[in-house]
Structures are given as C-alpha cells and as structure tokens.
Amino acid sequence: MAPHAEGTIESTGSSLKPTAPTFQPAANLATSKYHSSSTAEAIESEQKYAAHNYHPLPIVFARAQGSSVWDPEGNHYIDCLSAYSAVNQGHCHPELVKALCEQAQRLTLSSRAFHNDVFPKWAEKVKEVFGYDMVLPMNTGAEAVETAIKIARKWAYKVKGVPQGKALIFSAAENFHGRTVCSLTMIWGFI
C-alpha cells in the first residue's frame with residue numbers, strides 16, 4: 001500500500017479486504033448531480049451517451065485512496081493499472097491534492113498560447129534533473145508518438161538530406177501507439 005494511504009489490507013482467503021480506509025456509499029454521492037449513484041447506472045449512461053472507442057472493464061471507480069478503489073456500492077478493488085502509469089503515485093496523494101487545490105485557487109489553466117509563471121520553472125527543473133537541452137511536455141502517449149514522427153521527418157529532411165516528401169517512418173507492427181489517425185496507421189508498421 002502506498003505510504004500516504006491510511007489503513008491496511010488483509011488477505012481473506014482468495015480476496016483482499018480493506019481494514020481501512022473503508023468506503024460506504026454516502027448520501028452525497030447518491031444525490032450529486034455529477035456522480036452516478038450505481039455501477040449499473042454509470043455503465044448504462046456511458047453506453048447510451050458516450051462514443052464506444054474504449055471497452056472498459058465493468059468496474060466503476062467512485063472513490064480512491066492510494067492503490068485502493070471503491071465502486072458506488074462500496075466494493076473494494078486494488079488499482080494495478082494506475083491510469084497507464086499516470087497515477088503511479090496512487091490516488092488522492094495528499095501532497096498532490098494540496099498542490100492541486102492551491103494552484104486551482106490561483107490559476108486553473110492557461111493555454112500554451114500564453115505564458116504563465118509556473119511552466120518555465122518546471123521546464124528548468126526537468127532540464128536540470130535529466131540533463132536535457134530543452135523539454136517538450138505532452139499530455140498523451142499519442143502526442144509523444146506524433147511529435148517523434150515530426151522530429152524524425154525533420155531530421156531526415158534537414159540533416160540526412162532525404163528529398164522532400166520521400167521520408168518513410170517505420171514502426172513495430174501490431175503495437176499500440178495511440179488513437180490518432182497517424183498513430184493508428186503505425187499498427188501496420190509504416191506511415
């Protein structure tokens with residue numbers, strides 16, 4: 001269990017049972033206009049109103065702490081996927097929640113069409129820690145794949161001298177590179 005999570009997990013035969021933290025479906029979840037009141041309602045609504053580009057497991061996350069996750073009915077799960085590594089620190093880490101709340105009260109979001117007073121400090125820190133010349137943050141793996149393709153093509157044309165429009169990018173076939181048109185074509189091994 002993550003060091004910031006409260007409580008312990010004990011083995012009860014073939015399943016794990018949390019001793020704490022426990023989660024009981026609360027009235028505030030049932031009456032919130034922003035949350036589904038049951039697993040069935042959440043799945044049914046998503047099937048009805050959202051595009052079917054993902055086929056998730058029939059588990060609904062309603063609350064989490066560390067690696068522990070509970071559905072609207074209070075059933076406990078251990079999140080071993082960690083949002084494809086985006087939540088490796090665990091859910092609701094108190095220091096990250098504190099930083100998030102402090103920043104959200106100061107400035108919620110700024111587009112990269114503007115400068116802000118946090119990004120340059122972050123970029124400098126990442127550059128120093130990893131020894132890079134510069135950094136380019138990304139939101140998704142697909143965005144990283146798209147950027148890598150652009151960099152490879154630019155290098156081919158500017159450095160290698162490949163004639164314009166003749167660069168080819170090869171990739172490992174039958175791998176997942178994201179859900180963009182470009183990255184989906186890489187499943188077949190070429191662009």
# chains A, B, ... in the order shown; residues from 1 in each chain; ligands from 1
$ select_by_dssp --residues "chain A" --states "alpha helix (DSSP H)" --output "MDAnalysis selection string"
chainID A and resid 27:31 39:49 94:106 119:130 141:155 181:185
$ residues_around --residues "A:Ser67" --least-positions-apart "2" --cutoff "10 Å" --atoms "only C-alpha atoms" --output "NGL selection string"
:A and (1-2 or 5 or 64-65 or 69 or 77-82 or 87-92)
$ residues_around --residues "stretch 175-186 of chain A" --least-positions-apart "6" --cutoff "8 Å" --atoms "only C-alpha atoms" --output "ChimeraX atom specification"
/A:141-142,145-146
